[in-house]
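Undergrad: Okay, here's the structure, questions in a sec.
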Amino acid sequence: MKFAHFVATDHQSSPPAEPRVRLAVISDSGAVFLDEILEDAPRDLQELIERGPAELDRVRSFVETSIAHGVGGEPLDGLVHASAVLRPPTILAVGLNYSAHSQELNLKTDNAPTIFGLWANSLTGHEGTTSWPAEISEQVDYEAELGVVIGRAARDVAAADALGYVFGYTVVNDITARNIQYSEAQWSRCKSFDGFTPTGPVVVTADEIADPQALHISTVLDGVTLQDSSTSHMVRSVATLIEHLSGSATLLPGTLISTGSPGGAGYSRDPQVFLTDGATVTVSVEGVGSLTTHCRVTAAA
């Protein structure tokens, strides 16, 4: 199944109400909104995950019945995506998890994974616009990554069992202000500007991804392919990362793990390539989807 969040606005109120987010399943016929087919529908993906596997089975059954009876299936054109992941208890990012990327940035791949946190304000959705002030950074870079969403509490999980704890997968663009990254010892701030962690357009349930280590991953910036690789080139697999992370702390349901980016970053190119005002960048992961972000660089006042 493919889950997505869409922004809905109550146009009947005056002044208009604050936008709310609706959870939908994406089918061949369009978006099936759960609040239209279930009286007690989960308000978002986080709540669905927290309700447990039985809730996913229930949702699947209702969606299949609705589609069979021609109920639901709103066209995707005109719908506005929110982040595919909302309210995660933690966002964990893995740095230097592809040797080509660590080499091009002249950063050493350590004996243990490089882990840092991303801030929730950085989450945004497919086809959204991310803006930042030029006075803070003119070296903003793209990073295509496979996102992993944990489905149940994971503590001291062996790699052999780790994929059984995964709810699903999404696409992440780990946007990074390189000038800040190289001026500070910790990487959270340089990657956590508002809108610097687009996710989506969907979360695909784990049963639809046979092997997370066999997926094509790419970045296209204004029509030019700049990253073109495979998740098979990860230094540490998804299962190994879950084993490592769960060894010291419980990974709560809904936790998002961004698993690192392959080679081809703009910072390492000659000449360098950065995200600029008006640019459009699309990062894709095979079997999951393509996530597009529009860029806006604001001038100093």
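Residues are referred to by chain and number: the chain letter is A, B, ... according to the order shown in the structure tokens, the number counts from 1 in that chain, and ligands are numbered separately from 1 in the order shown.
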Got a sec: who's within 6 Å of stretch 142-155 of chain A, counting only C-alpha atoms, leaving out chain neighbours fewer than 4 positions off, as a ChimeraX atom specification?

TA: /A:165-175,246,250-261,283

Undergrad: Write a file of the just-selected residues containing C-alpha atoms, as a short mmCIF file (atom, residue, chain, number, x, y, z; two decimals), in the first residue's frame.

TA:
```
data_model
loop_
_atom_site.label_atom_id
_atom_site.label_comp_id
_atom_site.auth_asym_id
_atom_site.auth_seq_id
_atom_site.Cartn_x
_atom_site.Cartn_y
_atom_site.Cartn_z
CA TYR A 165 10.41 -3.95 12.21
CA VAL A 166 10.02 -1.74 9.14
CA PHE A 167 6.59 -0.32 8.38
CA GLY A 168 7.58 1.15 5.05
CA TYR A 169 9.86 3.29 2.92
CA THR A 170 9.80 6.81 1.57
CA VAL A 171 12.04 9.18 -0.41
CA VAL A 172 14.02 11.88 1.40
CA ASN A 173 15.94 14.84 0.02
CA ASP A 174 18.46 15.64 2.74
CA ILE A 175 19.03 19.25 1.70
CA SER A 246 18.43 -0.24 18.37
CA THR A 250 14.49 1.97 21.47
CA LEU A 251 13.39 2.96 17.99
CA LEU A 252 9.79 4.01 18.55
CA PRO A 253 7.02 3.34 16.02
CA GLY A 254 7.05 6.03 13.35
CA THR A 255 10.76 6.82 13.68
CA LEU A 256 12.19 7.99 10.35
CA ILE A 257 15.70 6.88 9.41
CA SER A 258 17.30 8.64 6.44
CA THR A 259 19.92 6.19 5.25
CA GLY A 260 22.52 8.34 3.50
CA SER A 261 23.20 9.63 0.01
CA VAL A 283 15.05 12.77 -6.08
#
```

Undergrad: List every residue of stretch 61-180 of chain A that has an atom at most 12 Å from any atom of stretch 25-40 of chain A, giving for each one its closest atom pair and the distance in Å to one decimal, counting only C-alpha atoms, sorted by chain and then by ascending residue number, as CSV.

TA:
```
residue,atom,partner,partner_atom,distance
A:Ser61,CA,A:Ile37,CA,10.9
A:Phe62,CA,A:Ile37,CA,7.1
A:Val63,CA,A:Val32,CA,7.2
A:Glu64,CA,A:Ser27,CA,9.5
A:Thr65,CA,A:Ile37,CA,9.7
A:Ser66,CA,A:Ile37,CA,7.3
A:Ile67,CA,A:Ser29,CA,8.0
A:Ala68,CA,A:Ser29,CA,10.7
A:His69,CA,A:Ile37,CA,11.6
A:Gly70,CA,A:Ser29,CA,9.1
A:Val71,CA,A:Val32,CA,8.0
A:Gly72,CA,A:Val32,CA,4.8
A:Gly73,CA,A:Gly30,CA,4.2
A:Glu74,CA,A:Ala31,CA,4.9
A:Pro75,CA,A:Gly30,CA,4.9
A:Leu76,CA,A:Gly30,CA,5.8
A:Asp77,CA,A:Gly30,CA,9.2
A:Gly78,CA,A:Ala31,CA,11.4
A:Leu79,CA,A:Ala31,CA,9.1
A:Val80,CA,A:Ala31,CA,11.6
A:His81,CA,A:Ala31,CA,11.4
A:Ala84,CA,A:Val25,CA,11.4
```

Undergrad: Since we have the selection now, will you write its residues out, keeping N, CA and C atoms, as a PDB file, in the first residue's frame?

TA:
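Saved the output as part.pdb:
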```
ATOM      1  N   SER A  61      -8.322  -3.770   4.193  1.00  0.00           N
ATOM      2  CA  SER A  61      -9.594  -4.410   3.853  1.00  0.00           C
ATOM      3  C   SER A  61     -10.637  -3.390   3.420  1.00  0.00           C
ATOM      4  N   PHE A  62     -10.749  -2.289   4.165  1.00  0.00           N
ATOM      5  CA  PHE A  62     -11.742  -1.266   3.824  1.00  0.00           C
ATOM      6  C   PHE A  62     -11.410  -0.587   2.508  1.00  0.00           C
ATOM      7  N   VAL A  63     -10.133  -0.331   2.274  1.00  0.00           N
ATOM      8  CA  VAL A  63      -9.744   0.313   1.021  1.00  0.00           C
ATOM      9  C   VAL A  63     -10.040  -0.600  -0.163  1.00  0.00           C
ATOM     10  N   GLU A  64      -9.698  -1.865  -0.045  1.00  0.00           N
ATOM     11  CA  GLU A  64      -9.959  -2.804  -1.133  1.00  0.00           C
ATOM     12  C   GLU A  64     -11.449  -2.915  -1.417  1.00  0.00           C
ATOM     13  N   THR A  65     -12.267  -2.942  -0.367  1.00  0.00           N
ATOM     14  CA  THR A  65     -13.721  -3.005  -0.548  1.00  0.00           C
ATOM     15  C   THR A  65     -14.245  -1.735  -1.210  1.00  0.00           C
ATOM     16  N   SER A  66     -13.728  -0.593  -0.770  1.00  0.00           N
ATOM     17  CA  SER A  66     -14.175   0.688  -1.332  1.00  0.00           C
ATOM     18  C   SER A  66     -13.843   0.778  -2.809  1.00  0.00           C
ATOM     19  N   ILE A  67     -12.635   0.386  -3.164  1.00  0.00           N
ATOM     20  CA  ILE A  67     -12.224   0.437  -4.571  1.00  0.00           C
ATOM     21  C   ILE A  67     -13.081  -0.504  -5.402  1.00  0.00           C
ATOM     22  N   ALA A  68     -13.351  -1.699  -4.862  1.00  0.00           N
ATOM     23  CA  ALA A  68     -14.161  -2.675  -5.590  1.00  0.00           C
ATOM     24  C   ALA A  68     -15.564  -2.164  -5.865  1.00  0.00           C
ATOM     25  N   HIS A  69     -16.066  -1.297  -4.970  1.00  0.00           N
ATOM     26  CA  HIS A  69     -17.409  -0.732  -5.129  1.00  0.00           C
ATOM     27  C   HIS A  69     -17.393   0.658  -5.764  1.00  0.00           C
ATOM     28  N   GLY A  70     -16.226   1.066  -6.251  1.00  0.00           N
ATOM     29  CA  GLY A  70     -16.139   2.349  -6.939  1.00  0.00           C
ATOM     30  C   GLY A  70     -16.217   3.549  -6.032  1.00  0.00           C
ATOM     31  N   VAL A  71     -15.911   3.362  -4.746  1.00  0.00           N
ATOM     32  CA  VAL A  71     -15.951   4.464  -3.784  1.00  0.00           C
ATOM     33  C   VAL A  71     -14.539   5.007  -3.607  1.00  0.00           C
ATOM     34  N   GLY A  72     -14.401   6.332  -3.621  1.00  0.00           N
ATOM     35  CA  GLY A  72     -13.087   6.949  -3.460  1.00  0.00           C
ATOM     36  C   GLY A  72     -12.368   7.038  -4.788  1.00  0.00           C
ATOM     37  N   GLY A  73     -11.103   7.298  -4.712  1.00  0.00           N
ATOM     38  CA  GLY A  73     -10.314   7.426  -5.926  1.00  0.00           C
ATOM     39  C   GLY A  73     -10.334   8.823  -6.496  1.00  0.00           C
ATOM     40  N   GLU A  74     -10.072   9.834  -5.628  1.00  0.00           N
ATOM     41  CA  GLU A  74     -10.041  11.225  -6.095  1.00  0.00           C
ATOM     42  C   GLU A  74      -8.778  11.460  -6.922  1.00  0.00           C
ATOM     43  N   PRO A  75      -8.895  12.109  -8.076  1.00  0.00           N
ATOM     44  CA  PRO A  75      -7.708  12.365  -8.910  1.00  0.00           C
ATOM     45  C   PRO A  75      -6.641  13.128  -8.130  1.00  0.00           C
ATOM     46  N   LEU A  76      -5.392  12.776  -8.391  1.00  0.00           N
ATOM     47  CA  LEU A  76      -4.284  13.400  -7.666  1.00  0.00           C
ATOM     48  C   LEU A  76      -4.011  14.819  -8.132  1.00  0.00           C
ATOM     49  N   ASP A  77      -4.367  15.127  -9.372  1.00  0.00           N
ATOM     50  CA  ASP A  77      -4.174  16.480  -9.885  1.00  0.00           C
ATOM     51  C   ASP A  77      -4.944  17.472  -9.031  1.00  0.00           C
ATOM     52  N   GLY A  78      -4.251  18.488  -8.564  1.00  0.00           N
ATOM     53  CA  GLY A  78      -4.901  19.506  -7.759  1.00  0.00           C
ATOM     54  C   GLY A  78      -4.773  19.277  -6.268  1.00  0.00           C
ATOM     55  N   LEU A  79      -4.411  18.061  -5.850  1.00  0.00           N
ATOM     56  CA  LEU A  79      -4.196  17.801  -4.432  1.00  0.00           C
ATOM     57  C   LEU A  79      -2.817  18.305  -4.019  1.00  0.00           C
ATOM     58  N   VAL A  80      -2.725  18.808  -2.805  1.00  0.00           N
ATOM     59  CA  VAL A  80      -1.472  19.386  -2.299  1.00  0.00           C
ATOM     60  C   VAL A  80      -0.875  18.443  -1.262  1.00  0.00           C
ATOM     61  N   HIS A  81       0.321  17.964  -1.533  1.00  0.00           N
ATOM     62  CA  HIS A  81       0.991  17.036  -0.630  1.00  0.00           C
ATOM     63  C   HIS A  81       1.514  17.743   0.615  1.00  0.00           C
ATOM     64  N   ALA A  84       5.197  13.189   3.709  1.00  0.00           N
ATOM     65  CA  ALA A  84       4.707  11.815   3.794  1.00  0.00           C
ATOM     66  C   ALA A  84       4.827  11.260   5.205  1.00  0.00           C
TER      67      ALA A  84
END
```

Undergrad: Using DSSP secondary structure from the backbone, list all strand (DSSP E or B) positions within stretch 6-234 of chain A, as a ChimeraX atom specification.

TA: /A:6-8,20-27,30-33,74,80-81,91-95,98,114-117,123-124,128-133,140-141,144-150,154,166-173,176-177,197-205,216-221,224-230,234

Undergrad: Write out as a count of residues only the residues lying within 7 Å of A:Ala239, counting only C-alpha atoms and excluding same-chain residues fewer than 4 positions away.

TA: 4

Undergrad: Could you work out how far atom CA of A:Ala177 lies from atom CA of A:Ala299, giving the answer in Å with one decimal?

TA: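 It comes out at 16.1 Å.
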
Undergrad: So which one's closest to A:Arg269, A:Ser183, A:Asp156, A:Leu221, A:Leu226? Using only C-alpha atoms, please.

TA: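 Closest to A:Arg269, using only C-alpha atoms: A:Leu226.
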
Undergrad: Residues of stretch 19-171 of chain A classed as alpha helix (DSSP H) by DSSP on the backbone are to be reported as number ranges by chain.

TA: A: 34-37, 45-51, 53-68, 99-104, 159-162

Undergrad: Report as a list of chain:residue names all protein, DNA and RNA residues lying within 7 Å of A:Gly278, evaluated on only C-alpha atoms, omitting residues in the same chain fewer than 4 positions from it.

TA: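 Everything that qualifies: A:His294, A:Cys295, A:Arg296.
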